[in-house]
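**Q** My structure file structure-v5.pdb, PDB, C-alpha atoms, is below:
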```pdb
MODEL        1
ATOM      1  CA  MET A  37      -6.688 -18.206 -34.654
ATOM      2  CA  ALA A  38      -6.672 -19.587 -38.217
ATOM      3  CA  ASP A  39     -10.412 -20.306 -37.954
ATOM      4  CA  VAL A  40     -11.094 -16.737 -36.784
ATOM      5  CA  ALA A  41      -9.024 -15.397 -39.680
ATOM      6  CA  ALA A  42     -10.972 -17.507 -42.196
ATOM      7  CA  VAL A  43     -14.377 -16.376 -40.901
ATOM      8  CA  ALA A  44     -13.321 -12.711 -40.773
ATOM      9  CA  GLY A  45     -11.600 -12.870 -44.162
ATOM     10  CA  VAL A  46      -8.249 -11.617 -42.849
ATOM     11  CA  SER A  47      -4.795 -13.017 -42.162
ATOM     12  CA  HIS A  48      -3.916 -14.629 -38.833
ATOM     13  CA  GLN A  49      -1.401 -11.780 -38.326
ATOM     14  CA  THR A  50      -4.327  -9.347 -38.398
ATOM     15  CA  VAL A  51      -6.169 -11.435 -35.794
ATOM     16  CA  SER A  52      -3.036 -11.299 -33.633
ATOM     17  CA  ARG A  53      -2.862  -7.508 -34.006
ATOM     18  CA  VAL A  54      -6.497  -7.158 -32.950
ATOM     19  CA  LEU A  55      -5.963  -9.374 -29.909
ATOM     20  CA  ASN A  56      -2.921  -7.319 -28.896
ATOM     21  CA  GLY A  57      -4.671  -3.970 -29.371
ATOM     22  CA  HIS A  58      -2.382  -2.846 -32.203
ATOM     23  CA  PRO A  59      -3.356   0.647 -33.435
ATOM     24  CA  SER A  60      -2.682  -0.066 -37.153
ATOM     25  CA  VAL A  61      -5.872  -2.126 -37.641
ATOM     26  CA  ARG A  62      -8.838  -0.369 -39.296
ATOM     27  CA  GLU A  63     -11.988  -0.192 -37.161
ATOM     28  CA  GLU A  64     -14.072  -2.020 -39.777
ATOM     29  CA  THR A  65     -11.534  -4.865 -39.866
ATOM     30  CA  ARG A  66     -11.297  -4.918 -36.069
ATOM     31  CA  GLY A  67     -15.078  -5.231 -35.878
ATOM     32  CA  ARG A  68     -15.132  -8.227 -38.267
ATOM     33  CA  VAL A  69     -12.416  -9.983 -36.287
ATOM     34  CA  LEU A  70     -14.157  -9.389 -32.955
ATOM     35  CA  ALA A  71     -17.442 -10.634 -34.419
ATOM     36  CA  ALA A  72     -15.707 -13.815 -35.630
ATOM     37  CA  ILE A  73     -14.115 -14.307 -32.200
ATOM     38  CA  ASP A  74     -17.533 -13.980 -30.590
ATOM     39  CA  GLU A  75     -19.160 -16.348 -33.108
ATOM     40  CA  LEU A  76     -16.513 -19.065 -32.678
ATOM     41  CA  GLY A  77     -16.031 -18.652 -28.932
ATOM     42  CA  TYR A  78     -12.285 -18.249 -29.430
ATOM     43  CA  ARG A  79     -10.036 -18.004 -26.363
ATOM     44  CA  ARG A  80      -6.292 -17.633 -26.291
ATOM     45  CA  ASN A  81      -4.283 -20.672 -25.200
ATOM     46  CA  SER A  82      -2.221 -19.161 -22.395
ATOM     47  CA  ALA A  83       0.049 -22.191 -22.114
ATOM     48  CA  ALA A  84       0.879 -22.124 -25.836
ATOM     49  CA  ARG A  85       1.456 -18.388 -25.736
ATOM     50  CA  ALA A  86       3.836 -18.789 -22.800
ATOM     51  CA  LEU A  87       5.878 -21.333 -24.772
ATOM     52  CA  VAL A  88       6.245 -18.898 -27.690
ATOM     53  CA  THR A  89       6.959 -15.736 -25.685
ATOM     54  CA  SER A  90       8.781 -17.289 -22.678
ATOM     55  CA  ARG A  91       6.391 -15.224 -20.562
ATOM     56  CA  SER A  92       3.496 -16.556 -18.489
ATOM     57  CA  ALA A  93       1.700 -13.186 -18.222
ATOM     58  CA  THR A  94       1.328 -14.002 -14.522
ATOM     59  CA  LEU A  95       2.597 -12.080 -11.514
ATOM     60  CA  GLY A  96       2.955 -13.521  -8.028
ATOM     61  CA  VAL A  97       1.843 -11.458  -5.033
ATOM     62  CA  VAL A  98       2.823 -12.286  -1.448
ATOM     63  CA  THR A  99       0.877 -10.639   1.350
ATOM     64  CA  THR A 100       0.364 -11.077   5.059
ATOM     65  CA  GLY A 101      -2.518 -13.232   6.212
ATOM     66  CA  SER A 102      -4.500 -10.406   7.758
ATOM     67  CA  ALA A 103      -7.370  -8.095   6.892
ATOM     68  CA  LEU A 104      -5.494  -4.912   7.834
ATOM     69  CA  PHE A 105      -6.493  -2.004   5.622
ATOM     70  CA  GLY A 106      -3.080  -1.134   4.180
ATOM     71  CA  PRO A 107      -1.933  -4.587   2.979
ATOM     72  CA  THR A 108      -5.405  -5.513   1.741
ATOM     73  CA  SER A 109      -5.830  -2.251  -0.196
ATOM     74  CA  THR A 110      -2.366  -2.678  -1.708
ATOM     75  CA  LEU A 111      -3.207  -6.227  -2.847
ATOM     76  CA  ILE A 112      -6.423  -5.067  -4.529
ATOM     77  CA  ALA A 113      -4.600  -2.196  -6.246
ATOM     78  CA  VAL A 114      -1.841  -4.474  -7.579
ATOM     79  CA  GLU A 115      -4.367  -6.999  -8.918
ATOM     80  CA  GLU A 116      -6.372  -4.289 -10.703
ATOM     81  CA  ALA A 117      -3.249  -2.704 -12.204
ATOM     82  CA  ALA A 118      -1.936  -6.083 -13.379
ATOM     83  CA  ARG A 119      -5.250  -6.964 -14.993
ATOM     84  CA  ASP A 120      -5.284  -3.616 -16.811
ATOM     85  CA  ARG A 121      -1.908  -4.558 -18.310
ATOM     86  CA  GLY A 122      -3.073  -8.014 -19.374
ATOM     87  CA  TYR A 123      -1.506  -9.967 -16.492
ATOM     88  CA  PHE A 124      -3.014 -12.574 -14.203
ATOM     89  CA  VAL A 125      -2.186 -12.522 -10.490
ATOM     90  CA  SER A 126      -1.425 -15.506  -8.272
ATOM     91  CA  VAL A 127      -1.737 -14.653  -4.569
ATOM     92  CA  ALA A 128      -0.078 -16.322  -1.580
ATOM     93  CA  THR A 129      -0.716 -15.266   2.016
ATOM     94  CA  LEU A 130       1.659 -15.766   4.929
ATOM     95  CA  ARG A 131       0.438 -16.500   8.430
ATOM     96  CA  THR A 132       3.972 -16.667   9.780
ATOM     97  CA  TYR A 133       6.804 -14.423   8.641
ATOM     98  CA  ASP A 134       9.790 -16.738   9.048
ATOM     99  CA  THR A 135      12.355 -17.242   6.294
ATOM    100  CA  ALA A 136      11.350 -20.846   5.583
ATOM    101  CA  SER A 137       7.701 -19.905   4.945
ATOM    102  CA  MET A 138       8.670 -17.020   2.666
ATOM    103  CA  HIS A 139      11.140 -19.131   0.680
ATOM    104  CA  GLN A 140       8.494 -21.851   0.253
ATOM    105  CA  VAL A 141       6.071 -19.309  -1.230
ATOM    106  CA  LEU A 142       8.709 -17.847  -3.553
ATOM    107  CA  GLU A 143       9.737 -21.300  -4.737
ATOM    108  CA  HIS A 144       6.071 -22.034  -5.440
ATOM    109  CA  PHE A 145       5.937 -18.966  -7.678
ATOM    110  CA  MET A 146       9.113 -20.061  -9.451
ATOM    111  CA  ASP A 147       7.445 -23.427 -10.191
ATOM    112  CA  GLN A 148       4.468 -21.554 -11.631
ATOM    113  CA  GLY A 149       6.773 -19.629 -13.952
ATOM    114  CA  VAL A 150       5.630 -16.161 -12.887
ATOM    115  CA  ASP A 151       7.205 -13.210 -14.720
ATOM    116  CA  GLY A 152       7.661 -11.144 -11.552
ATOM    117  CA  ILE A 153       6.700 -10.939  -7.883
ATOM    118  CA  VAL A 154       5.242  -8.225  -5.668
ATOM    119  CA  VAL A 155       5.852  -8.722  -1.953
ATOM    120  CA  ILE A 156       3.665  -6.636   0.338
ATOM    121  CA  ALA A 157       6.139  -6.580   3.209
ATOM    122  CA  PRO A 158       5.232  -4.208   6.030
ATOM    123  CA  HIS A 159       7.005  -6.403   8.583
ATOM    124  CA  ASP A 160      10.742  -6.719   9.346
ATOM    125  CA  GLU A 161      10.856 -10.490   9.031
ATOM    126  CA  VAL A 162       9.112 -10.509   5.647
ATOM    127  CA  ALA A 163      11.584  -8.065   4.112
ATOM    128  CA  ALA A 164      14.560  -9.951   5.564
ATOM    129  CA  ALA A 165      13.293 -13.251   4.149
ATOM    130  CA  VAL A 166      12.870 -11.740   0.680
ATOM    131  CA  GLU A 167      16.358 -10.238   0.807
ATOM    132  CA  SER A 168      17.863 -13.671   1.454
ATOM    133  CA  PHE A 169      16.152 -15.242  -1.581
ATOM    134  CA  ARG A 170      17.901 -14.814  -4.940
ATOM    135  CA  ALA A 171      14.896 -14.742  -7.256
ATOM    136  CA  PRO A 172      15.572 -15.162 -10.995
ATOM    137  CA  VAL A 173      12.707 -12.744 -11.790
ATOM    138  CA  PRO A 174      12.160  -9.098 -10.779
ATOM    139  CA  VAL A 175      10.769  -8.593  -7.275
ATOM    140  CA  VAL A 176       9.096  -5.420  -5.979
ATOM    141  CA  VAL A 177       9.016  -5.101  -2.194
ATOM    142  CA  VAL A 178       6.208  -2.794  -1.090
ATOM    143  CA  ALA A 179       7.535  -1.497   2.214
ATOM    144  CA  ALA A 180       8.692   1.783   3.740
ATOM    145  CA  LEU A 181      12.170   0.364   4.292
ATOM    146  CA  ASP A 182      14.344   2.151   6.841
ATOM    147  CA  ASP A 183      17.305   2.130   4.434
ATOM    148  CA  PRO A 184      16.038   1.469   0.889
ATOM    149  CA  SER A 185      18.645   0.526  -1.689
ATOM    150  CA  GLY A 186      19.316   2.517  -4.819
ATOM    151  CA  ALA A 187      18.454   1.615  -8.389
ATOM    152  CA  VAL A 188      18.553  -2.093  -9.182
ATOM    153  CA  HIS A 189      19.010  -3.560 -12.653
ATOM    154  CA  ALA A 190      17.093  -6.706 -13.533
ATOM    155  CA  GLY A 191      20.083  -8.257 -15.212
ATOM    156  CA  GLU A 192      22.396  -7.897 -12.238
ATOM    157  CA  GLY A 193      22.828 -10.257  -9.300
ATOM    158  CA  SER A 194      19.820  -8.891  -7.435
ATOM    159  CA  SER A 195      16.477  -7.974  -8.975
ATOM    160  CA  THR A 196      14.773  -6.615  -5.857
ATOM    161  CA  MET A 197      13.244  -3.141  -5.956
ATOM    162  CA  SER A 198      11.646  -0.979  -3.263
ATOM    163  CA  LEU A 199       8.292   0.813  -3.495
ATOM    164  CA  ALA A 200       6.248   2.563  -0.813
ATOM    165  CA  VAL A 201       4.003   5.427   0.104
ATOM    166  CA  ASP A 202       6.142   8.014   1.911
ATOM    167  CA  GLN A 203       4.939   7.242   5.421
ATOM    168  CA  ARG A 204       7.354   9.672   7.062
ATOM    169  CA  LEU A 205       6.165  12.553   4.889
ATOM    170  CA  GLY A 206       2.536  11.743   5.670
ATOM    171  CA  ALA A 207       3.229  11.726   9.408
ATOM    172  CA  ARG A 208       5.104  15.024   9.165
ATOM    173  CA  ARG A 209       2.188  16.615   7.340
ATOM    174  CA  ALA A 210      -0.284  15.342   9.929
ATOM    175  CA  THR A 211       1.816  16.619  12.824
ATOM    176  CA  GLU A 212       2.596  19.947  11.132
ATOM    177  CA  HIS A 213      -1.131  20.461  10.621
ATOM    178  CA  LEU A 214      -1.624  20.208  14.381
ATOM    179  CA  LEU A 215       1.365  22.440  15.095
ATOM    180  CA  ASP A 216       0.111  25.043  12.625
ATOM    181  CA  LEU A 217      -3.180  25.120  14.538
ATOM    182  CA  GLY A 218      -1.201  26.103  17.639
ATOM    183  CA  HIS A 219      -0.764  22.768  19.419
ATOM    184  CA  ARG A 220       2.523  22.225  21.239
ATOM    185  CA  ASP A 221       1.835  18.963  23.059
ATOM    186  CA  VAL A 222       1.119  16.341  20.385
ATOM    187  CA  VAL A 223       1.156  12.725  21.564
ATOM    188  CA  HIS A 224       1.716   9.876  19.112
ATOM    189  CA  VAL A 225      -0.158   6.587  19.545
ATOM    190  CA  GLY A 226       1.843   4.339  17.232
ATOM    191  CA  GLY A 227       1.621   0.910  15.666
ATOM    192  CA  PRO A 228       3.863  -2.085  16.439
ATOM    193  CA  HIS A 229       7.574  -1.308  16.299
ATOM    194  CA  ASP A 230       8.445  -4.257  14.048
ATOM    195  CA  TRP A 231       6.405  -2.741  11.195
ATOM    196  CA  PHE A 232       8.198  -0.390   8.792
ATOM    197  CA  ASP A 233       5.156   1.873   8.438
ATOM    198  CA  ALA A 234       4.840   2.305  12.197
ATOM    199  CA  ARG A 235       8.491   3.311  12.583
ATOM    200  CA  GLU A 236       8.356   5.724   9.650
ATOM    201  CA  ARG A 237       5.209   7.398  10.955
ATOM    202  CA  ALA A 238       6.757   7.778  14.405
ATOM    203  CA  ALA A 239       9.893   9.246  12.807
ATOM    204  CA  GLY A 240       7.847  11.758  10.824
ATOM    205  CA  TRP A 241       5.981  12.887  13.953
ATOM    206  CA  ARG A 242       9.274  13.241  15.841
ATOM    207  CA  GLU A 243      10.920  15.242  13.050
ATOM    208  CA  ALA A 244       7.984  17.651  12.835
ATOM    209  CA  MET A 245       8.034  18.255  16.590
ATOM    210  CA  GLU A 246      11.789  18.773  16.749
ATOM    211  CA  SER A 247      11.751  21.123  13.751
ATOM    212  CA  ARG A 248       9.592  23.496  15.843
ATOM    213  CA  GLY A 249      11.931  23.255  18.821
ATOM    214  CA  LEU A 250       9.584  20.936  20.730
ATOM    215  CA  VAL A 251      10.597  17.862  22.694
ATOM    216  CA  PRO A 252       8.297  14.966  21.726
ATOM    217  CA  ALA A 253       7.143  12.686  24.501
ATOM    218  CA  ARG A 254       7.850   9.001  24.160
ATOM    219  CA  PRO A 255       5.349   7.502  21.653
ATOM    220  CA  ARG A 256       2.766   5.085  22.984
ATOM    221  CA  VAL A 257       3.517   1.973  20.916
ATOM    222  CA  ARG A 258       0.539  -0.307  20.458
ATOM    223  CA  SER A 259      -0.812  -2.635  17.790
ATOM    224  CA  TRP A 260      -2.934  -1.429  14.863
ATOM    225  CA  SER A 261      -6.256  -2.247  16.562
ATOM    226  CA  ALA A 262      -9.093  -0.015  17.716
ATOM    227  CA  ALA A 263      -8.987  -1.877  21.045
ATOM    228  CA  ASP A 264      -5.436  -0.673  21.696
ATOM    229  CA  GLY A 265      -6.422   2.819  20.583
ATOM    230  CA  TYR A 266      -9.213   2.676  23.132
ATOM    231  CA  ALA A 267      -6.773   1.658  25.890
ATOM    232  CA  ALA A 268      -4.453   4.527  24.939
ATOM    233  CA  GLY A 269      -7.421   6.904  24.878
ATOM    234  CA  ARG A 270      -8.392   5.927  28.418
ATOM    235  CA  ASP A 271      -4.859   6.705  29.608
ATOM    236  CA  LEU A 272      -4.954  10.059  27.846
ATOM    237  CA  ALA A 273      -8.355  10.893  29.344
ATOM    238  CA  GLU A 274      -7.016  10.182  32.841
ATOM    239  CA  ALA A 275      -4.029  12.441  32.182
ATOM    240  CA  LEU A 276      -6.328  15.186  30.944
ATOM    241  CA  ALA A 277      -8.465  14.862  34.055
ATOM    242  CA  ALA A 278      -5.295  15.384  36.107
ATOM    243  CA  GLY A 279      -4.407  18.464  34.070
ATOM    244  CA  GLU A 280      -1.414  16.753  32.424
ATOM    245  CA  GLY A 281      -2.802  15.555  29.134
ATOM    246  CA  PRO A 282      -1.935  16.664  25.588
ATOM    247  CA  THR A 283      -4.007  18.956  23.404
ATOM    248  CA  ALA A 284      -3.597  16.765  20.303
ATOM    249  CA  VAL A 285      -3.155  13.106  19.347
ATOM    250  CA  PHE A 286      -1.597  11.740  16.168
ATOM    251  CA  ALA A 287      -2.720   8.112  15.856
ATOM    252  CA  GLY A 288      -0.699   5.646  13.763
ATOM    253  CA  ASN A 289      -3.777   4.536  11.802
ATOM    254  CA  ASP A 290      -7.497   5.233  11.657
ATOM    255  CA  GLN A 291      -8.419   2.205  13.771
ATOM    256  CA  LEU A 292      -6.238   3.461  16.611
ATOM    257  CA  ALA A 293      -7.820   6.897  16.170
ATOM    258  CA  LEU A 294     -11.287   5.333  16.343
ATOM    259  CA  GLY A 295     -10.457   3.701  19.671
ATOM    260  CA  VAL A 296      -9.034   6.970  21.015
ATOM    261  CA  LEU A 297     -12.193   8.844  19.992
ATOM    262  CA  ARG A 298     -14.415   6.307  21.742
ATOM    263  CA  ALA A 299     -12.420   6.445  24.995
ATOM    264  CA  LEU A 300     -12.356  10.245  25.047
ATOM    265  CA  TRP A 301     -16.095  10.440  24.337
ATOM    266  CA  GLU A 302     -16.904   8.033  27.180
ATOM    267  CA  ARG A 303     -15.067  10.289  29.617
ATOM    268  CA  GLY A 304     -16.594  13.512  28.403
ATOM    269  CA  VAL A 305     -13.520  14.803  26.583
ATOM    270  CA  ARG A 306     -14.721  16.794  23.567
ATOM    271  CA  VAL A 307     -13.016  16.396  20.182
ATOM    272  CA  PRO A 308     -11.828  18.802  18.860
ATOM    273  CA  ASP A 309     -12.799  21.344  21.554
ATOM    274  CA  ASP A 310     -10.585  19.782  24.239
ATOM    275  CA  VAL A 311      -8.312  17.531  22.167
ATOM    276  CA  SER A 312      -7.645  17.249  18.423
ATOM    277  CA  VAL A 313      -7.198  13.797  16.840
ATOM    278  CA  VAL A 314      -5.548  12.846  13.527
ATOM    279  CA  GLY A 315      -5.387   9.364  12.002
ATOM    280  CA  PHE A 316      -3.601   7.720   9.079
ATOM    281  CA  ASP A 317      -4.965   5.761   6.053
ATOM    282  CA  ASP A 318      -8.364   7.396   5.366
ATOM    283  CA  VAL A 319     -10.247   4.113   5.644
ATOM    284  CA  ASP A 320     -13.684   3.824   4.133
ATOM    285  CA  GLY A 321     -15.968   5.485   6.681
ATOM    286  CA  ALA A 322     -13.379   7.808   8.263
ATOM    287  CA  ALA A 323     -15.449  10.768   7.065
ATOM    288  CA  TYR A 324     -18.352   9.395   9.155
ATOM    289  CA  PHE A 325     -16.543   8.972  12.477
ATOM    290  CA  VAL A 326     -17.812  11.248  15.243
ATOM    291  CA  PRO A 327     -16.410  13.751  14.558
ATOM    292  CA  PRO A 328     -15.283  13.166  10.954
ATOM    293  CA  LEU A 329     -11.610  12.231  11.132
ATOM    294  CA  THR A 330      -8.716  14.314   9.860
ATOM    295  CA  THR A 331      -6.327  11.739   8.412
ATOM    296  CA  VAL A 332      -3.636  10.938   5.836
ATOM    297  CA  ARG A 333      -4.897   9.323   2.642
ATOM    298  CA  GLN A 334      -2.681   6.700   1.026
ATOM    299  CA  PRO A 335      -2.893   6.550  -2.813
ATOM    300  CA  PHE A 336      -3.254   2.785  -3.131
ATOM    301  CA  ALA A 337      -4.339   2.823  -6.789
ATOM    302  CA  ALA A 338      -1.165   4.722  -7.718
ATOM    303  CA  LEU A 339       0.868   2.344  -5.556
ATOM    304  CA  GLY A 340      -0.468  -0.730  -7.355
ATOM    305  CA  ALA A 341       0.018   0.805 -10.793
ATOM    306  CA  ARG A 342       3.584   1.870  -9.986
ATOM    307  CA  GLY A 343       4.476  -1.593  -8.679
ATOM    308  CA  VAL A 344       3.308  -3.289 -11.873
ATOM    309  CA  GLU A 345       5.077  -0.666 -14.011
ATOM    310  CA  MET A 346       8.316  -1.335 -12.130
ATOM    311  CA  LEU A 347       8.083  -5.069 -12.755
ATOM    312  CA  LEU A 348       7.375  -4.636 -16.457
ATOM    313  CA  ALA A 349      10.218  -2.130 -16.831
ATOM    314  CA  ALA A 350      12.607  -4.511 -15.088
ATOM    315  CA  LEU A 351      11.497  -7.339 -17.401
ATOM    316  CA  GLU A 352      12.670  -5.173 -20.300
ATOM    317  CA  GLY A 353      16.056  -4.734 -18.614
ATOM    318  CA  ALA A 354      15.524  -1.151 -17.411
ATOM    319  CA  SER A 355      17.204   0.257 -14.326
ATOM    320  CA  VAL A 356      14.468   1.040 -11.806
ATOM    321  CA  PRO A 357      15.048   3.513  -8.939
ATOM    322  CA  VAL A 358      13.512   3.367  -5.487
ATOM    323  CA  GLN A 359       9.959   4.691  -5.678
ATOM    324  CA  ARG A 360       8.203   6.851  -3.070
ATOM    325  CA  ILE A 361       4.625   8.072  -3.562
ATOM    326  CA  GLU A 362       3.316  11.125  -1.703
ATOM    327  CA  PRO A 363       0.267  10.730   0.557
ATOM    328  CA  GLU A 364      -2.391  13.413   1.023
ATOM    329  CA  LEU A 365      -3.551  15.096   4.238
ATOM    330  CA  VAL A 366      -7.356  15.183   4.426
ATOM    331  CA  VAL A 367      -8.563  17.795   6.923
ATOM    332  CA  ARG A 368     -11.930  17.211   8.570
ATOM    333  CA  SER A 369     -13.529  18.372  11.805
ATOM    334  CA  SER A 370     -11.605  16.276  14.369
ATOM    335  CA  THR A 371      -8.898  18.975  14.526
ATOM    336  CA  ALA A 372      -9.069  22.583  15.722
ATOM    337  CA  PRO A 373      -6.885  25.105  17.575
ATOM    338  CA  PRO A 374      -6.103  24.089  21.175
ATOM    339  CA  PRO A 375      -8.359  25.314  23.992
ATOM    340  CA  ARG A 376      -7.261  28.473  25.780
TER
ENDMDL
END
```
Can the structure from this file be put into structure tokens for me?
**A**
Amino acid sequence: MADVAAVAGVSHQTVSRVLNGHPSVREETRGRVLAAIDELGYRRNSAARALVTSRSATLGVVTTGSALFGPTSTLIAVEEAARDRGYFVSVATLRTYDTASMHQVLEHFMDQGVDGIVVIAPHDEVAAAVESFRAPVPVVVVAALDDPSGAVHAGEGSSTMSLAVDQRLGARRATEHLLDLGHRDVVHVGGPHDWFDARERAAGWREAMESRGLVPARPRVRSWSAADGYAAGRDLAEALAAGEGPTAVFAGNDQLALGVLRALWERGVRVPDDVSVVGFDDVDGAAYFVPPLTTVRQPFAALGARGVEMLLAALEGASVPVQRIEPELVVRSSTAPPPR
């Protein structure tokens, strides 16, 4: 930094201000400093900086070892938001969700000296394992917890905070869209019951049905895969052939919806003429399903940015409330009024 200051003809404090984006530096001075940095090939010494500031400028992120759209999109959003704020991200993936595996990962992050941790925890066991670990740094759990706690202060005994897209609200909006079209028999093909998102989406569907005085049928609980959506779609097609099927399907994610669409198409059931179908997530390509899929879009960029903001606020000792972000219903041509 002293060499850069000498070449640019400024003090080392000015070089520091330029590196930190301080607004009080004149543009002409900033340009000279940046030119000197480029000429000398200067790079910050992250280890030395960490010793001075007691901060590593690194965040740990724990995610499940799968390529499912929601967790993967959340990971990408957190990494981008952290980088925008000048933080590096260290990622650990879990293949098994037991407490020992989670604690091993968290201890690894403690050894790295991370400033905070984001845990993408859509599964019961992951959230329980995090809860049992007393981390000395702020932790944001990205999960639609059944019973999220209130505000948590970083200086108190626990530093765990909850953040999620409002899955229940999204499911209610999807179901209400179908009900507003005139459907009265809306079946839910749900995800696995040990996932928070799956339970919240089922709860939202149930609440919407009951609010209109309708008795929801038992949800068809599956996995998140298109293959299980296809199996559910075959069952629904057989029921329709017997005159007992629903007029609308709310699928727990877009992959399930894709499988349902394929099964209905194979058996000559027209969507949306005979049956309407709604998904959840708005995966890349959902607008190009046949027909284009009505679905619930999750704001992953906002989710990642909010998670990083929560960690940084907690590092400054702020009290951070539970965060819920609203999803958006995207209406396309897979839904229509029920057949007469």
**Q** Any chance you could tabulate, as CSV, the residues of range 101-156 of chain A at most 12 Å from range 194-207 of chain A with each one's nearest atom pair and distance in Å to one decimal, using all atoms listed in the file, in chain and rising number order?
**A**
```
residue,atom,partner,partner_atom,distance
A:Gly106,CA,A:Val201,CA,10.5
A:Pro107,CA,A:Ala200,CA,11.5
A:Thr110,CA,A:Ala200,CA,10.1
A:Gly152,CA,A:Ser195,CA,9.7
A:Ile153,CA,A:Thr196,CA,9.4
A:Val154,CA,A:Met197,CA,9.5
A:Val155,CA,A:Ser198,CA,9.8
A:Ile156,CA,A:Leu199,CA,9.6
```
**Q** Just say which residues the PyMOL selection byres ((chain A and resi 241) around 12) picks in this file, as number ranges by chain.
**A** A: 203-215, 221-226, 234-240, 242-248, 250-255, 285-288, 314, 316
**Q** Those same residues - C-alpha atoms - I'd like them written as a PDB file, in the coordinates of the input.
**A**
```pdb
ATOM      1  CA  GLN A 203       4.939   7.242   5.421  1.00  0.00           C
ATOM      2  CA  ARG A 204       7.354   9.672   7.062  1.00  0.00           C
ATOM      3  CA  LEU A 205       6.165  12.553   4.889  1.00  0.00           C
ATOM      4  CA  GLY A 206       2.536  11.743   5.670  1.00  0.00           C
ATOM      5  CA  ALA A 207       3.229  11.726   9.408  1.00  0.00           C
ATOM      6  CA  ARG A 208       5.104  15.024   9.165  1.00  0.00           C
ATOM      7  CA  ARG A 209       2.188  16.615   7.340  1.00  0.00           C
ATOM      8  CA  ALA A 210      -0.284  15.342   9.929  1.00  0.00           C
ATOM      9  CA  THR A 211       1.816  16.619  12.824  1.00  0.00           C
ATOM     10  CA  GLU A 212       2.596  19.947  11.132  1.00  0.00           C
ATOM     11  CA  HIS A 213      -1.131  20.461  10.621  1.00  0.00           C
ATOM     12  CA  LEU A 214      -1.624  20.208  14.381  1.00  0.00           C
ATOM     13  CA  LEU A 215       1.365  22.440  15.095  1.00  0.00           C
ATOM     14  CA  ASP A 221       1.835  18.963  23.059  1.00  0.00           C
ATOM     15  CA  VAL A 222       1.119  16.341  20.385  1.00  0.00           C
ATOM     16  CA  VAL A 223       1.156  12.725  21.564  1.00  0.00           C
ATOM     17  CA  HIS A 224       1.716   9.876  19.112  1.00  0.00           C
ATOM     18  CA  VAL A 225      -0.158   6.587  19.545  1.00  0.00           C
ATOM     19  CA  GLY A 226       1.843   4.339  17.232  1.00  0.00           C
ATOM     20  CA  ALA A 234       4.840   2.305  12.197  1.00  0.00           C
ATOM     21  CA  ARG A 235       8.491   3.311  12.583  1.00  0.00           C
ATOM     22  CA  GLU A 236       8.356   5.724   9.650  1.00  0.00           C
ATOM     23  CA  ARG A 237       5.209   7.398  10.955  1.00  0.00           C
ATOM     24  CA  ALA A 238       6.757   7.778  14.405  1.00  0.00           C
ATOM     25  CA  ALA A 239       9.893   9.246  12.807  1.00  0.00           C
ATOM     26  CA  GLY A 240       7.847  11.758  10.824  1.00  0.00           C
ATOM     27  CA  ARG A 242       9.274  13.241  15.841  1.00  0.00           C
ATOM     28  CA  GLU A 243      10.920  15.242  13.050  1.00  0.00           C
ATOM     29  CA  ALA A 244       7.984  17.651  12.835  1.00  0.00           C
ATOM     30  CA  MET A 245       8.034  18.255  16.590  1.00  0.00           C
ATOM     31  CA  GLU A 246      11.789  18.773  16.749  1.00  0.00           C
ATOM     32  CA  SER A 247      11.751  21.123  13.751  1.00  0.00           C
ATOM     33  CA  ARG A 248       9.592  23.496  15.843  1.00  0.00           C
ATOM     34  CA  LEU A 250       9.584  20.936  20.730  1.00  0.00           C
ATOM     35  CA  VAL A 251      10.597  17.862  22.694  1.00  0.00           C
ATOM     36  CA  PRO A 252       8.297  14.966  21.726  1.00  0.00           C
ATOM     37  CA  ALA A 253       7.143  12.686  24.501  1.00  0.00           C
ATOM     38  CA  ARG A 254       7.850   9.001  24.160  1.00  0.00           C
ATOM     39  CA  PRO A 255       5.349   7.502  21.653  1.00  0.00           C
ATOM     40  CA  VAL A 285      -3.155  13.106  19.347  1.00  0.00           C
ATOM     41  CA  PHE A 286      -1.597  11.740  16.168  1.00  0.00           C
ATOM     42  CA  ALA A 287      -2.720   8.112  15.856  1.00  0.00           C
ATOM     43  CA  GLY A 288      -0.699   5.646  13.763  1.00  0.00           C
ATOM     44  CA  VAL A 314      -5.548  12.846  13.527  1.00  0.00           C
ATOM     45  CA  PHE A 316      -3.601   7.720   9.079  1.00  0.00           C
TER      46      PHE A 316
END
```
**Q** Please provide as a count of residues only all residues within 9 Å of Ala267 in chain A, with the sequence filter that same-chain residues fewer than 4 positions apart are discarded (counting only C-alpha atoms).
**A** 7
**Q** Give as number ranges by chain the residues that the PyMOL selection byres ((chain A and resi 318-332) around 6) matches when applied to the coordinates above.
**A** A: 314-317, 333, 364-370
**Q** Please measure the separation of CA of Ala179 in chain A and CA of Ala128 in chain A, giving the value in Å to one decimal.
**A** 17.1 Å
**Q** Build an axis-aligned box that encloses every atom of range 334-337 of chain A listed in the file, pad it by 3 Å on each side, and report its centre and edge lengths in Å to one decimal, as AutoDock Vina command-line options.
**A**
```
--center_x -3.5 --center_y 4.7 --center_z -2.9 --size_x 7.7 --size_y 9.9 --size_z 13.8
```
**Q** Looking at only C-alpha atoms, which of A:Leu76, A:Leu95, A:Val141, A:Val257 is the one that sits closest to Arg121 in chain A?
**A**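 Nearest to Arg121 in chain A: A:Leu95.
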